[in-house]
There are 2 protein chains.
Amino acid sequence: MQGALEQVLLRLTGQPCRIRYAGRTDAGVHAEGQVIAADVVWRHSLADLERAWNVLLPPDIAVRQLAEVADPGFHPRFSARSRVYRYTVWTAPWRSPLHRRYTHHEPRPLDVERMNQAAAVLIGSHDFASFGRPTQGESTVREVMRAGWRREGALLVFEIEANAFLRRMVRTVVATLLEAGAGWRSVENVSQVLAARDRSQAAGPAPACGLCLVEVKYQAGLPSGSPAQDDR
Amino acid sequence: MQGALEQVLLRLTGQPCRIRYAGRTDAGVHAEGQVIAADVVWRHSLADLERAWNVLLPPDIAVRQLAEVADPGFHPRFSARSRVYRYTVWTAPWRSPLHRRYTHHEPRPLDVERMNQAAAVLIGSHDFASFGRPTQGESTVREVMRAGWRREGALLVFEIEANAFLRRMVRTVVATLLEAGAGWRSVENVSQVLAARDRSQAAGPAPACGLCLVEVKYQAGLPSGSPAQDDR
């Protein structure tokens with residue numbers, strides 16, 4: 001994605017330019033609320049730049065909103081206050097060709113109440129070393145503000161917000177909660193896994209395709225208002 | 001799709017077999033409720049056949065439910081009482097990489113109330129010659145039981161049920177109603193188009209990707225119960 005965005009900017013402005021990102025997304029992970037920043041020399045309006053960029057970008061990337069940043073110290077990643085991720089599970093007994101690109105298929109019966117009890121264990125400031133490795137620095141302490149599952153027909157949707165995430169943390173949390181929902185783990189076991197600070201205690205990460213970066217939040221909103229919601 | 005299904009059946013049973021369909025779907029049109037019938041020689045259980053079929057089918061086709069048919073005269077198309085199609089429009093100003101495969105992007109502001117008034121004009125038994133050509137036979141009279149738009153966040157969802165449809169009828173109806181919603185046609189104009197029985201009066205068909213065959217209904221339900229709903 002980075003390559004495509006920078007290439008198009010180069011083509012539009014004639015100048016090479018490095019883009020700064022709010023969050024990395026592993027291969028196969030989707031994003032509908034990624035925030036990026038770049039120093040761009042552009043003589044026309046922001047609306048023109050947005051149109052031109054969207055015309056030249058490949059169909060799997062779109063620019064939703066552009067804004068000028070007043071604060072030269074703004075960095076989409078380091079200025080962020082929190083991130084929201086969503087993980088979507090397709091729970092019908094049959095495969096879904098229409099959902100397969102954006103969901104993980106889990107046909108086993110799942111106890112959603114137990115999954116929510118186990119998710120509640122994670123809320124607060126904890127050392128999440130059992131659930132992932134830090135991208136930078138040494139600390140594995142993160143603050144989870146909310147985490148919960150909801151049913152939408154045959155879909156089970158998990159949403160989690162934290163100040164920041166460890167690498168593969170959301171997918172590892174999801175896989176562990178799914179094991180709780182399938183009856184392989186108790187809520188107490190999830191508590192123990194969290195306390196153990198041992199990566200080998202949690203489940204392996206759930207498939208990337210179900211994961212989506214939904215939103216990145218800033219202290220005072222985005223430079224000129226938050227982008228409108230997709231309401232997926 | 002027909003080719004893949006018949007090939008897998010041949011591989012499973014060792015016998016060539018012709019599949020009968022409830023409805024054709026043009027290239028690019030999706031189906032989550034297609035009904036098919038075939039004469040299959042199989043010594044094991046229906047559940048075994050369903051599993052084996054799903055394992056061998058490509059990821060973009062799935063079998064949701066199999067049932068044995070008691071009535072030898074059952075034909076998924078000719079025994080059908082009605083069909084339900086859904087057309088989904090993505091209405092945000094930006095392109096949606098996550099929705100692009102299953103929606104048509106329409107960033108113009110749309111008057112949904114007017115689109116529903118225009119849709120109501122089509123309900124009942126009418127000659128729909130302005131909206132499509134018959135697949136078989138000469139009559140272009142069809143009975144539309146319901147037709148209406150609803151908003152789901154940034155999506156506009158059209159659902160229409162009729163005893164049967166002419167070729168490209170749903171996509172032509174959708175494109176015409178979108179023109180009404182964008183202010184290019186009045187509700188009266190849609191009435192006149194219907195009365196004209198002239199294919200050149202309606203809009204060209206909307207793109208295939210937004211269309212999905214949702215359900216085919218039978219007099220007494222499907223042979224052994226209707227398939228569960230996807231609740232997309």
# chains A, B, ... in the order shown; residues from 1 in each chain; ligands from 1

call {"tool": "residues_around", "arguments": {"residues": "Glu215 of chain A", "least_positions_apart": "6", "cutoff": "8 Å", "atoms": "only C-alpha atoms", "output": "PDB file with C-alpha atoms, in the first residue's frame"}}
result
ATOM      1  CA  GLU A  32     -11.026   1.550   6.519  1.00  0.00           C
ATOM      2  CA  GLY A  33      -9.677   4.224   8.872  1.00  0.00           C
ATOM      3  CA  GLN A  34      -5.930   4.395   8.254  1.00  0.00           C
ATOM      4  CA  ARG A  83      -6.841   2.758  17.778  1.00  0.00           C
ATOM      5  CA  VAL A  84      -9.975   0.745  17.073  1.00  0.00           C
ATOM      6  CA  TYR A  85      -9.798  -2.636  15.328  1.00  0.00           C
TER       7      TYR A  85
END

call {"tool": "closest_atom_pairs", "arguments": {"of": "chain B", "to": "chain A", "cutoff": "9 Å", "atoms": "only C-alpha atoms", "output": "Markdown table"}}
result
| residue | atom | partner | partner_atom | distance |
| --- | --- | --- | --- | --- |
| B:His30 | CA | A:Leu98 | CA | 7.9 |
| B:Ala31 | CA | A:Leu98 | CA | 8.6 |
| B:Glu32 | CA | A:Leu98 | CA | 7.7 |
| B:Asn54 | CA | A:Arg95 | CA | 8.1 |
| B:Pro59 | CA | A:Pro97 | CA | 6.2 |
| B:Asp60 | CA | A:Pro97 | CA | 4.5 |
| B:Ile61 | CA | A:Pro97 | CA | 5.8 |
| B:Ala62 | CA | A:Arg95 | CA | 5.9 |
| B:Val63 | CA | A:Trp94 | CA | 7.0 |
| B:Arg64 | CA | A:Trp94 | CA | 5.4 |
| B:Gln65 | CA | A:Trp94 | CA | 8.2 |
| B:Ala92 | CA | A:Asp230 | CA | 7.7 |
| B:Pro93 | CA | A:Arg64 | CA | 7.9 |
| B:Trp94 | CA | A:Arg64 | CA | 5.4 |
| B:Arg95 | CA | A:Ala62 | CA | 5.9 |
| B:Ser96 | CA | A:Ala62 | CA | 6.7 |
| B:Pro97 | CA | A:Asp60 | CA | 4.5 |
| B:Leu98 | CA | A:Asp60 | CA | 7.5 |
| B:His99 | CA | A:Arg232 | CA | 8.7 |
| B:Arg100 | CA | A:Pro59 | CA | 8.1 |
| B:Tyr102 | CA | A:Leu98 | CA | 8.1 |
| B:Glu152 | CA | A:Asp231 | CA | 7.7 |
| B:Gly153 | CA | A:Asp231 | CA | 4.8 |
| B:Ala154 | CA | A:Asp231 | CA | 6.1 |
| B:Leu155 | CA | A:Arg232 | CA | 8.1 |
| B:Ala228 | CA | A:Ala92 | CA | 8.9 |
| B:Gln229 | CA | A:Ala154 | CA | 8.3 |
| B:Asp230 | CA | A:Ala154 | CA | 6.2 |
| B:Asp231 | CA | A:Gly153 | CA | 4.8 |
| B:Arg232 | CA | A:Gly153 | CA | 6.9 |

call {"tool": "atom_distance", "arguments": {"atom1": "atom CA of Arg167 of chain A", "atom2": "atom CA of Pro76 of chain A"}}
result
17.6 Å

call {"tool": "residues_around", "arguments": {"residues": "Ser79 of chain A", "least_positions_apart": "3", "cutoff": "8 Å", "atoms": "only C-alpha atoms", "output": "list in words"}}
result
Phe74, His75, Pro76, Tyr218 and Gln219 of chain A

call {"tool": "select_by_dssp", "arguments": {"residues": "segment 116-206 of chain A", "states": "strand (DSSP E)", "output": "VMD selection string"}}
result
chain A and resid 124 to 127 141 to 152 155 to 162

call {"tool": "select_by_dssp", "arguments": {"residues": "segment 144-193 of chain A", "states": "alpha helix (DSSP H)", "output": "VMD selection string"}}
result
chain A and resid 169 to 181 187 to 193

call {"tool": "residues_around", "arguments": {"residues": "Leu9 of chain A", "least_positions_apart": "2", "cutoff": "12 Å", "atoms": "only C-alpha atoms", "output": "VMD selection string"}}
result
chain A and resid 2 to 7 11 to 19 37 to 42 49 to 50 52 to 57

call {"tool": "write_last_selection", "arguments": {"atoms": "N, CA, C and O atoms", "output": "short mmCIF file (atom, residue, chain, number, x, y, z; two decimals), in the first residue's frame"}}
result
data_model
loop_
_atom_site.label_atom_id
_atom_site.label_comp_id
_atom_site.auth_asym_id
_atom_site.auth_seq_id
_atom_site.Cartn_x
_atom_site.Cartn_y
_atom_site.Cartn_z
N GLN A 2 1.88 1.27 0.91
CA GLN A 2 2.79 2.40 1.00
C GLN A 2 3.37 2.74 -0.37
O GLN A 2 3.36 3.89 -0.80
N GLY A 3 3.84 1.70 -1.07
CA GLY A 3 4.45 1.88 -2.38
C GLY A 3 3.50 2.56 -3.34
O GLY A 3 3.87 3.55 -3.99
N ALA A 4 2.27 2.07 -3.42
CA ALA A 4 1.30 2.62 -4.37
C ALA A 4 1.00 4.09 -4.06
O ALA A 4 0.97 4.93 -4.95
N LEU A 5 0.82 4.41 -2.77
CA LEU A 5 0.50 5.79 -2.38
C LEU A 5 1.65 6.73 -2.72
O LEU A 5 1.44 7.83 -3.25
N GLU A 6 2.87 6.29 -2.44
CA GLU A 6 4.02 7.16 -2.70
C GLU A 6 4.27 7.33 -4.20
O GLU A 6 4.61 8.41 -4.66
N GLN A 7 4.07 6.25 -4.95
CA GLN A 7 4.25 6.32 -6.40
C GLN A 7 3.29 7.33 -7.03
O GLN A 7 3.66 8.12 -7.89
N ARG A 11 4.01 10.84 -8.96
CA ARG A 11 3.51 11.13 -10.29
C ARG A 11 2.75 12.46 -10.31
O ARG A 11 2.83 13.23 -11.28
N LEU A 12 2.05 12.77 -9.21
CA LEU A 12 1.23 13.99 -9.17
C LEU A 12 2.07 15.24 -8.93
O LEU A 12 1.80 16.30 -9.48
N THR A 13 3.08 15.11 -8.06
CA THR A 13 3.81 16.31 -7.64
C THR A 13 5.19 16.41 -8.27
O THR A 13 5.83 17.46 -8.20
N GLY A 14 5.66 15.29 -8.85
CA GLY A 14 7.00 15.30 -9.43
C GLY A 14 8.10 15.23 -8.38
O GLY A 14 9.27 15.33 -8.71
N GLN A 15 7.71 15.05 -7.11
CA GLN A 15 8.72 15.00 -6.05
C GLN A 15 8.56 13.73 -5.21
O GLN A 15 7.44 13.41 -4.81
N PRO A 16 9.67 13.06 -4.93
CA PRO A 16 9.58 11.89 -4.06
C PRO A 16 9.16 12.33 -2.66
O PRO A 16 9.48 13.44 -2.23
N CYS A 17 8.42 11.50 -1.97
CA CYS A 17 7.84 11.92 -0.69
C CYS A 17 7.60 10.69 0.17
O CYS A 17 7.16 9.66 -0.31
N ARG A 18 7.95 10.81 1.45
CA ARG A 18 7.79 9.68 2.36
C ARG A 18 6.51 9.82 3.15
O ARG A 18 6.26 10.86 3.76
N ILE A 19 5.71 8.77 3.16
CA ILE A 19 4.43 8.82 3.87
C ILE A 19 4.59 8.23 5.27
O ILE A 19 5.25 7.22 5.46
N ALA A 37 0.26 10.77 6.80
CA ALA A 37 0.68 12.17 6.65
C ALA A 37 1.86 12.22 5.71
O ALA A 37 2.66 11.27 5.65
N ALA A 38 1.95 13.30 4.95
CA ALA A 38 3.06 13.47 4.03
C ALA A 38 3.29 14.96 3.79
O ALA A 38 2.35 15.76 3.90
N ASP A 39 4.52 15.33 3.49
CA ASP A 39 4.83 16.71 3.13
C ASP A 39 4.73 16.81 1.62
O ASP A 39 5.58 16.27 0.90
N VAL A 40 3.68 17.49 1.15
CA VAL A 40 3.40 17.50 -0.28
C VAL A 40 3.45 18.93 -0.80
O VAL A 40 2.89 19.84 -0.18
N VAL A 41 4.14 19.12 -1.91
CA VAL A 41 4.12 20.41 -2.58
C VAL A 41 3.05 20.35 -3.66
O VAL A 41 3.13 19.53 -4.57
N TRP A 42 2.03 21.20 -3.55
CA TRP A 42 0.86 21.10 -4.43
C TRP A 42 0.28 22.50 -4.61
O TRP A 42 0.02 23.20 -3.63
N LEU A 49 -6.42 17.55 -5.22
CA LEU A 49 -5.43 16.51 -4.90
C LEU A 49 -6.13 15.19 -4.57
O LEU A 49 -5.73 14.12 -5.00
N GLU A 50 -7.23 15.31 -3.81
CA GLU A 50 -7.98 14.11 -3.41
C GLU A 50 -8.53 13.40 -4.65
O GLU A 50 -8.40 12.18 -4.80
N ALA A 52 -7.50 13.65 -7.83
CA ALA A 52 -6.41 13.14 -8.67
C ALA A 52 -5.81 11.87 -8.07
O ALA A 52 -5.54 10.89 -8.77
N TRP A 53 -5.63 11.88 -6.77
CA TRP A 53 -5.07 10.73 -6.08
C TRP A 53 -5.97 9.51 -6.24
O TRP A 53 -5.52 8.41 -6.56
N ASN A 54 -7.28 9.71 -6.03
CA ASN A 54 -8.22 8.59 -6.14
C ASN A 54 -8.33 8.05 -7.55
O ASN A 54 -8.57 6.86 -7.74
N VAL A 55 -8.17 8.92 -8.53
CA VAL A 55 -8.24 8.46 -9.92
C VAL A 55 -7.06 7.54 -10.22
O VAL A 55 -7.18 6.53 -10.89
N LEU A 56 -5.88 7.90 -9.69
CA LEU A 56 -4.67 7.16 -10.04
C LEU A 56 -4.41 5.95 -9.14
O LEU A 56 -3.65 5.06 -9.52
N LEU A 57 -5.00 5.91 -7.96
CA LEU A 57 -4.76 4.77 -7.07
C LEU A 57 -5.42 3.50 -7.58
O LEU A 57 -6.48 3.57 -8.21
#

call {"tool": "residues_around", "arguments": {"residues": "Leu194 of chain B", "least_positions_apart": "4", "cutoff": "9 Å", "atoms": "only C-alpha atoms", "output": "VMD selection string"}}
result
chain B and resid 121 to 122 126 to 131 189 to 190 198 201 to 202

call {"tool": "write_last_selection", "arguments": {"atoms": "N, CA, C and O atoms", "output": "PDB file, in the first residue's frame"}}
result
ATOM      1  N   VAL B 121     -44.508   2.300  -8.087  1.00  0.00           N
ATOM      2  CA  VAL B 121     -45.192   2.297  -9.379  1.00  0.00           C
ATOM      3  C   VAL B 121     -45.115   0.914 -10.043  1.00  0.00           C
ATOM      4  O   VAL B 121     -46.004   0.501 -10.777  1.00  0.00           O
ATOM      5  N   LEU B 122     -44.030   0.194  -9.745  1.00  0.00           N
ATOM      6  CA  LEU B 122     -43.770  -1.077 -10.436  1.00  0.00           C
ATOM      7  C   LEU B 122     -44.502  -2.257  -9.795  1.00  0.00           C
ATOM      8  O   LEU B 122     -44.589  -3.336 -10.389  1.00  0.00           O
ATOM      9  N   HIS B 126     -47.688  -6.107 -14.417  1.00  0.00           N
ATOM     10  CA  HIS B 126     -47.527  -5.117 -15.486  1.00  0.00           C
ATOM     11  C   HIS B 126     -46.758  -5.757 -16.635  1.00  0.00           C
ATOM     12  O   HIS B 126     -46.059  -6.749 -16.461  1.00  0.00           O
ATOM     13  N   ASP B 127     -46.861  -5.107 -17.791  1.00  0.00           N
ATOM     14  CA  ASP B 127     -46.009  -5.470 -18.922  1.00  0.00           C
ATOM     15  C   ASP B 127     -44.696  -4.706 -18.750  1.00  0.00           C
ATOM     16  O   ASP B 127     -44.672  -3.487 -18.840  1.00  0.00           O
ATOM     17  N   PHE B 128     -43.609  -5.459 -18.474  1.00  0.00           N
ATOM     18  CA  PHE B 128     -42.326  -4.818 -18.171  1.00  0.00           C
ATOM     19  C   PHE B 128     -41.409  -4.737 -19.408  1.00  0.00           C
ATOM     20  O   PHE B 128     -40.187  -4.709 -19.258  1.00  0.00           O
ATOM     21  N   ALA B 129     -42.007  -4.699 -20.612  1.00  0.00           N
ATOM     22  CA  ALA B 129     -41.199  -4.691 -21.840  1.00  0.00           C
ATOM     23  C   ALA B 129     -40.183  -3.545 -21.850  1.00  0.00           C
ATOM     24  O   ALA B 129     -39.124  -3.656 -22.487  1.00  0.00           O
ATOM     25  N   SER B 130     -40.468  -2.448 -21.152  1.00  0.00           N
ATOM     26  CA  SER B 130     -39.513  -1.339 -21.114  1.00  0.00           C
ATOM     27  C   SER B 130     -38.267  -1.687 -20.311  1.00  0.00           C
ATOM     28  O   SER B 130     -37.253  -1.008 -20.419  1.00  0.00           O
ATOM     29  N   PHE B 131     -38.354  -2.742 -19.490  1.00  0.00           N
ATOM     30  CA  PHE B 131     -37.266  -3.019 -18.549  1.00  0.00           C
ATOM     31  C   PHE B 131     -36.479  -4.291 -18.863  1.00  0.00           C
ATOM     32  O   PHE B 131     -35.569  -4.644 -18.117  1.00  0.00           O
ATOM     33  N   ASN B 189     -42.512  10.176 -14.667  1.00  0.00           N
ATOM     34  CA  ASN B 189     -41.743   9.671 -15.800  1.00  0.00           C
ATOM     35  C   ASN B 189     -41.568   8.162 -15.702  1.00  0.00           C
ATOM     36  O   ASN B 189     -41.681   7.449 -16.704  1.00  0.00           O
ATOM     37  N   VAL B 190     -41.314   7.636 -14.500  1.00  0.00           N
ATOM     38  CA  VAL B 190     -41.151   6.190 -14.340  1.00  0.00           C
ATOM     39  C   VAL B 190     -42.460   5.477 -14.705  1.00  0.00           C
ATOM     40  O   VAL B 190     -42.455   4.429 -15.360  1.00  0.00           O
ATOM     41  N   ASP B 198     -41.370   0.130 -24.046  1.00  0.00           N
ATOM     42  CA  ASP B 198     -40.344   0.449 -25.044  1.00  0.00           C
ATOM     43  C   ASP B 198     -39.004   0.465 -24.314  1.00  0.00           C
ATOM     44  O   ASP B 198     -38.744   1.330 -23.481  1.00  0.00           O
ATOM     45  N   GLN B 201     -36.829   3.560 -23.429  1.00  0.00           N
ATOM     46  CA  GLN B 201     -37.273   4.616 -22.518  1.00  0.00           C
ATOM     47  C   GLN B 201     -36.595   4.539 -21.149  1.00  0.00           C
ATOM     48  O   GLN B 201     -36.442   5.544 -20.475  1.00  0.00           O
ATOM     49  N   ALA B 202     -36.230   3.316 -20.741  1.00  0.00           N
ATOM     50  CA  ALA B 202     -35.622   3.156 -19.418  1.00  0.00           C
ATOM     51  C   ALA B 202     -34.125   3.406 -19.506  1.00  0.00           C
ATOM     52  O   ALA B 202     -33.554   3.526 -20.590  1.00  0.00           O
TER      53      ALA B 202
END

call {"tool": "atom_distance", "arguments": {"atom1": "atom CA of Met169 of chain A", "atom2": "atom CA of Pro205 of chain A"}}
result
7.9 Å

call {"tool": "closest_residue", "arguments": {"among": "A:Val112, A:Val187, A:Leu10, A:Ala22", "to": "Phe165 of chain A", "atoms": "only C-alpha atoms"}}
result
A:Ala22

call {"tool": "atom_distance", "arguments": {"atom1": "atom CA of Ala70 of chain B", "atom2": "atom CA of Arg43 of chain B"}}
result
17.4 Å
